[in-house]
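Source file model_29.cif; content: mmCIF, C-alpha atoms.
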```cif
data_data
#
loop_
_atom_site.label_atom_id
_atom_site.label_comp_id
_atom_site.auth_asym_id
_atom_site.auth_seq_id
_atom_site.Cartn_x
_atom_site.Cartn_y
_atom_site.Cartn_z
CA ARG Q 26 50.05 179.33 52.14
CA PRO Q 27 52.55 177.53 49.85
CA TYR Q 28 54.30 176.16 52.93
CA ARG Q 29 51.03 174.84 54.36
CA SER Q 30 49.97 173.50 50.96
CA ALA Q 31 53.15 171.42 50.83
CA LEU Q 32 51.47 169.11 53.36
CA LYS Q 33 48.78 168.10 50.87
CA GLY Q 34 49.34 164.42 50.31
CA ASN Q 35 52.64 164.68 52.21
CA TRP Q 36 51.61 164.72 55.88
CA GLY Q 37 54.08 162.51 57.67
CA VAL Q 38 56.78 163.24 55.09
CA CYS Q 39 57.57 166.93 54.60
CA ASP Q 40 56.71 167.91 58.18
CA ILE Q 41 59.12 165.29 59.52
CA GLU Q 42 61.83 166.35 57.05
CA ASP Q 43 61.29 169.95 58.16
CA VAL Q 44 61.74 169.38 61.91
CA CYS Q 45 64.73 167.12 61.32
CA ALA Q 46 66.39 169.69 59.06
CA ALA Q 47 65.84 172.42 61.68
CA ALA Q 48 67.31 170.26 64.46
CA LYS Q 49 70.31 169.28 62.33
CA TYR Q 50 70.89 172.92 61.41
CA LEU Q 51 70.97 173.92 65.09
CA SER Q 52 73.33 171.12 66.03
CA ASP Q 53 75.59 171.79 63.02
CA LYS Q 54 75.85 175.44 64.12
CA GLY Q 55 76.75 174.37 67.66
CA LEU Q 56 73.52 175.78 69.05
CA ALA Q 57 72.17 172.41 70.21
CA ASP Q 58 73.70 169.16 71.41
CA ALA Q 59 73.13 166.58 68.67
CA LYS Q 60 73.20 163.76 71.25
CA ARG Q 61 70.45 165.33 73.38
CA LEU Q 62 68.00 166.71 70.84
CA CYS Q 63 64.39 166.33 71.95
CA ILE Q 64 61.16 166.89 70.09
CA ASP Q 65 57.66 167.53 71.32
CA GLY Q 66 54.38 168.43 69.75
CA GLY Q 67 50.64 168.33 70.26
CA SER Q 68 47.99 166.89 67.94
CA ALA Q 69 49.45 167.08 64.40
CA GLY Q 70 52.72 168.04 66.09
CA GLY Q 71 52.44 164.88 68.16
CA PHE Q 72 52.08 162.93 64.92
CA THR Q 73 55.21 164.65 63.59
CA THR Q 74 57.01 163.90 66.86
CA LEU Q 75 56.18 160.19 66.76
CA GLY Q 76 57.04 160.00 63.05
CA ALA Q 77 60.38 161.76 63.52
CA LEU Q 78 61.25 159.32 66.31
CA ALA Q 79 60.13 156.27 64.33
CA PHE Q 80 61.42 157.12 60.85
CA LYS Q 81 64.52 159.27 61.45
CA ASP Q 82 67.60 159.08 63.64
CA VAL Q 83 67.87 162.72 64.70
CA PHE Q 84 66.24 163.02 68.12
CA ALA Q 85 67.27 161.30 71.36
CA ALA Q 86 63.84 161.51 73.03
CA GLY Q 87 60.41 162.96 72.51
CA CYS Q 88 57.03 163.84 73.94
CA SER Q 89 53.75 163.47 72.07
CA LEU Q 90 50.80 165.39 73.44
CA TYR Q 91 47.49 163.96 72.17
CA GLY Q 92 49.29 162.94 68.97
CA VAL Q 93 48.31 160.58 66.18
CA ALA Q 94 50.07 157.20 66.30
CA ASP Q 95 47.80 155.33 63.87
CA CYS Q 96 46.43 157.23 60.88
CA SER Q 97 44.04 154.43 59.87
CA ALA Q 98 42.56 154.29 63.36
CA LEU Q 99 42.21 158.08 63.35
CA ALA Q 100 40.38 157.98 60.01
CA ALA Q 101 37.99 155.41 61.47
CA ASP Q 102 37.62 156.86 65.01
CA THR Q 103 37.70 160.65 64.83
CA HIS Q 104 34.62 162.84 65.17
CA LYS Q 105 32.40 163.60 62.17
CA PHE Q 106 33.73 167.14 61.55
CA GLU Q 107 37.25 165.87 60.75
CA SER Q 108 36.27 162.46 59.40
CA ARG Q 109 37.57 163.17 55.86
CA TYR Q 110 40.33 165.60 56.88
CA LEU Q 111 43.13 163.11 56.23
CA ASP Q 112 42.01 162.52 52.63
CA GLY Q 113 43.77 165.75 51.63
CA LEU Q 114 46.78 165.22 53.88
CA ILE Q 115 47.53 161.57 53.09
CA GLY Q 116 45.10 160.06 50.58
CA LYS Q 117 41.64 158.54 50.27
CA TYR Q 118 40.66 156.19 53.06
CA PRO Q 119 40.29 153.21 52.96
CA GLU Q 120 41.66 153.02 49.40
CA ASP Q 121 45.08 154.29 50.52
CA LYS Q 122 45.19 152.36 53.83
CA GLU Q 123 48.68 151.04 53.03
CA LEU Q 124 49.94 154.62 52.75
CA TYR Q 125 48.20 155.54 56.02
CA ASP Q 126 49.87 152.64 57.79
CA SER Q 127 53.29 153.40 56.30
CA ARG Q 128 53.16 156.88 57.88
CA SER Q 129 51.95 155.65 61.26
CA ALA Q 130 54.53 155.33 64.03
CA ILE Q 131 52.56 152.49 65.62
CA TYR Q 132 53.50 150.25 62.69
CA SER Q 133 57.17 151.26 62.85
CA THR Q 134 58.09 150.70 66.46
CA ASP Q 135 60.81 148.35 65.19
CA THR Q 136 62.73 151.44 64.01
CA LEU Q 137 61.94 153.50 67.12
CA SER Q 138 64.55 153.14 69.84
CA CYS Q 139 64.48 156.26 72.01
CA PRO Q 140 62.43 157.28 75.07
CA VAL Q 141 58.91 158.63 74.48
CA LEU Q 142 56.52 160.41 76.84
CA LEU Q 143 52.83 160.36 75.91
CA LEU Q 144 50.41 162.92 77.38
CA GLN Q 145 46.70 162.54 76.60
CA GLY Q 146 43.27 163.81 77.63
CA ASP Q 147 40.85 161.04 78.55
CA GLU Q 148 37.90 162.81 76.87
CA ASP Q 149 39.63 163.60 73.57
CA LYS Q 150 37.20 163.07 70.67
CA ILE Q 151 39.59 164.32 67.96
CA VAL Q 152 42.56 162.03 68.68
CA PRO Q 153 40.99 159.39 70.92
CA PRO Q 154 42.94 158.10 73.95
CA ASN Q 155 43.40 154.69 72.31
CA GLN Q 156 46.07 156.30 70.09
CA ALA Q 157 48.30 157.04 73.09
CA GLU Q 158 47.38 153.82 74.90
CA THR Q 159 48.25 151.63 71.90
CA MET Q 160 51.56 153.43 71.34
CA TYR Q 161 52.42 153.17 75.03
CA GLU Q 162 51.79 149.42 75.11
CA ALA Q 163 53.89 148.89 71.96
CA LEU Q 164 56.82 150.91 73.34
CA LYS Q 165 56.60 149.23 76.73
CA ALA Q 166 56.55 145.77 75.11
CA LYS Q 167 59.66 146.67 73.11
CA GLY Q 168 61.49 147.74 76.26
CA ILE Q 169 61.76 151.41 75.29
CA PRO Q 170 61.68 153.90 78.18
CA THR Q 171 58.18 155.34 78.08
CA ALA Q 172 55.44 156.87 80.19
CA LEU Q 173 51.78 157.60 79.57
CA LYS Q 174 49.95 160.21 81.58
CA MET Q 175 46.19 160.40 81.05
CA TYR Q 176 44.56 163.66 82.12
CA GLU Q 177 41.07 163.23 83.52
CA GLY Q 178 38.48 165.62 82.14
CA GLU Q 179 40.77 166.93 79.39
CA GLN Q 180 39.93 166.90 75.74
CA HIS Q 181 42.05 167.76 72.69
CA GLY Q 182 44.52 170.28 74.06
CA PHE Q 183 44.74 170.80 77.77
CA ARG Q 184 42.58 173.59 79.21
CA GLN Q 185 42.95 173.29 82.99
CA ALA Q 186 45.84 175.36 84.35
CA ALA Q 187 46.91 172.62 86.76
CA ASN Q 188 47.12 170.10 83.90
CA ILE Q 189 49.02 172.47 81.63
CA GLU Q 190 51.56 173.01 84.40
CA ASP Q 191 51.70 169.28 85.13
CA ALA Q 192 52.27 168.47 81.44
CA LEU Q 193 55.22 170.88 81.28
CA ASN Q 194 56.66 169.47 84.50
CA SER Q 195 56.12 165.94 83.20
CA GLU Q 196 58.24 166.71 80.14
CA LEU Q 197 60.99 168.30 82.21
CA TYR Q 198 60.98 165.41 84.68
CA PHE Q 199 60.93 162.77 81.91
CA PHE Q 200 63.83 164.37 80.04
CA SER Q 201 65.76 164.84 83.31
CA LYS Q 202 65.52 161.11 83.97
CA VAL Q 203 66.41 160.20 80.37
CA PHE Q 204 69.46 162.48 80.26
CA GLY Q 205 70.49 162.27 83.91
CA PHE Q 206 70.17 165.86 85.09
CA GLN Q 207 68.43 167.27 88.16
CA ALA Q 208 65.16 169.08 87.51
CA ASP Q 209 64.88 171.60 90.36
CA GLY Q 210 61.73 171.22 92.41
CA LEU Q 211 60.69 167.94 90.78
CA SER Q 212 62.55 165.38 92.89
CA ASN Q 213 59.29 163.79 94.11
CA PHE Q 214 57.33 164.28 90.89
CA ASP Q 215 54.61 161.74 90.10
CA LEU Q 216 55.43 160.13 86.75
CA ALA Q 217 55.96 156.39 86.37
CA ILE Q 218 58.50 155.71 83.63
CA ASP Q 219 58.64 152.16 82.31
CA ASN Q 220 61.87 150.50 81.12
CA LEU Q 221 64.19 153.20 82.49
#
```

With the file now loaded, output its structure as structure tokens.
Amino acid sequence: RPYRSALKGNWGVCDIEDVCAAAKYLSDKGLADAKRLCIDGGSAGGFTTLGALAFKDVFAAGCSLYGVADCSALAADTHKFESRYLDGLIGKYPEDKELYDSRSAIYSTDTLSCPVLLLQGDEDKIVPPNQAETMYEALKAKGIPTALKMYEGEQHGFRQAANIEDALNSELYFFSKVFGFQADGLSNFDLAIDNL
């Protein structure tokens, strides 16, 4: 509980510090290649992924699955059940809009310079598809290698076995193209990567 409570008012700060510290620890111990560290996460983990890529220089690439790119847009667009959820994690909205925007990767693409894969369900009511679409367009405009795959009929978290498998293969394929290795069985995989 104390670990989870540390997020109160600090979402987009302590979670990012945590994943970066873990990755650095692994690379310092020789258990991971510091030049090829990747991060992925879904939902809040997707938010952490995008934030770590935008605000830190630890990871070489990442994948956000139905992740939050714009906290202000999420506060305005999400479904009723979670409409005030971010008040405890970031601050009161709209009073603290500046804080929301400062923790949103969409407003920090100038500091983001590594490849990003975005995977999203087209029926997601919790983190609406416009989050991934807006981030994709910003990355593409900046010339960063990126891809967006929208899964038809999926909501927040993929449920269909074929889509779960495709999402995993999409990550493997994306990272294989970014880092130049052969992903067995995926030579003809369907994923359009921009700016690569």

### Message
When the PyMOL selection byres ((chain Q and resi 148) around 9) is applied to the structure above, which residues does it catch, written out as a PyMOL selection string?
### Response
chain Q and resi 145-147+149-150+153-154+176-181

### Task
Could you please determine the separation between atom CA of Asp102 of chain Q and atom CA of Ala130 of chain Q in Å, to one decimal place?
17.0 Å

### Message
Considering only C-alpha atoms, can you say which of Q:Ser68, Q:Ser30, Q:Thr159, Q:Thr134 comes closest to Gly92 of chain Q?
### Response
Q:Ser68

### Query
Just so the selection is clear, what residues does the PyMOL selection byres ((chain Q and resi 218) around 6) cover here, as a list in words?
Thr171, Ala172, Ala217 and Asp219 of chain Q

What does the file look like for those residues with C-alpha atoms, as an mmCIF file, keeping the file's coordinate frame?
```cif
data_model
loop_
_atom_site.group_PDB
_atom_site.id
_atom_site.type_symbol
_atom_site.label_atom_id
_atom_site.label_comp_id
_atom_site.auth_asym_id
_atom_site.auth_seq_id
_atom_site.Cartn_x
_atom_site.Cartn_y
_atom_site.Cartn_z
ATOM 1 C CA THR Q 171 58.180 155.340 78.080
ATOM 2 C CA ALA Q 172 55.440 156.870 80.190
ATOM 3 C CA ALA Q 217 55.960 156.390 86.370
ATOM 4 C CA ASP Q 219 58.640 152.160 82.310
#
```

Taking only residues of segment 128-164 of chain Q that have an atom at most 12 Å from an atom of segment 106-123 of chain Q, what is each one's shortest atom pair and its distance in Å to one decimal, using only C-alpha atoms, in chain and number order, as a Markdown table?
```
| residue | atom | partner | partner_atom | distance |
| --- | --- | --- | --- | --- |
| Q:Arg128 | CA | Q:Ile115 | CA | 8.8 |
| Q:Ser129 | CA | Q:Glu123 | CA | 10.0 |
| Q:Tyr132 | CA | Q:Glu123 | CA | 10.8 |
| Q:Lys150 | CA | Q:Glu107 | CA | 10.3 |
| Q:Ile151 | CA | Q:Glu107 | CA | 7.7 |
| Q:Val152 | CA | Q:Glu107 | CA | 10.3 |
```

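Of the listed residues (Q:Pro140, Q:Gly182, Q:Asp135, Q:Asn194), Q:Asp135 comes nearest to Phe80 of chain Q; the distances count only C-alpha atoms.
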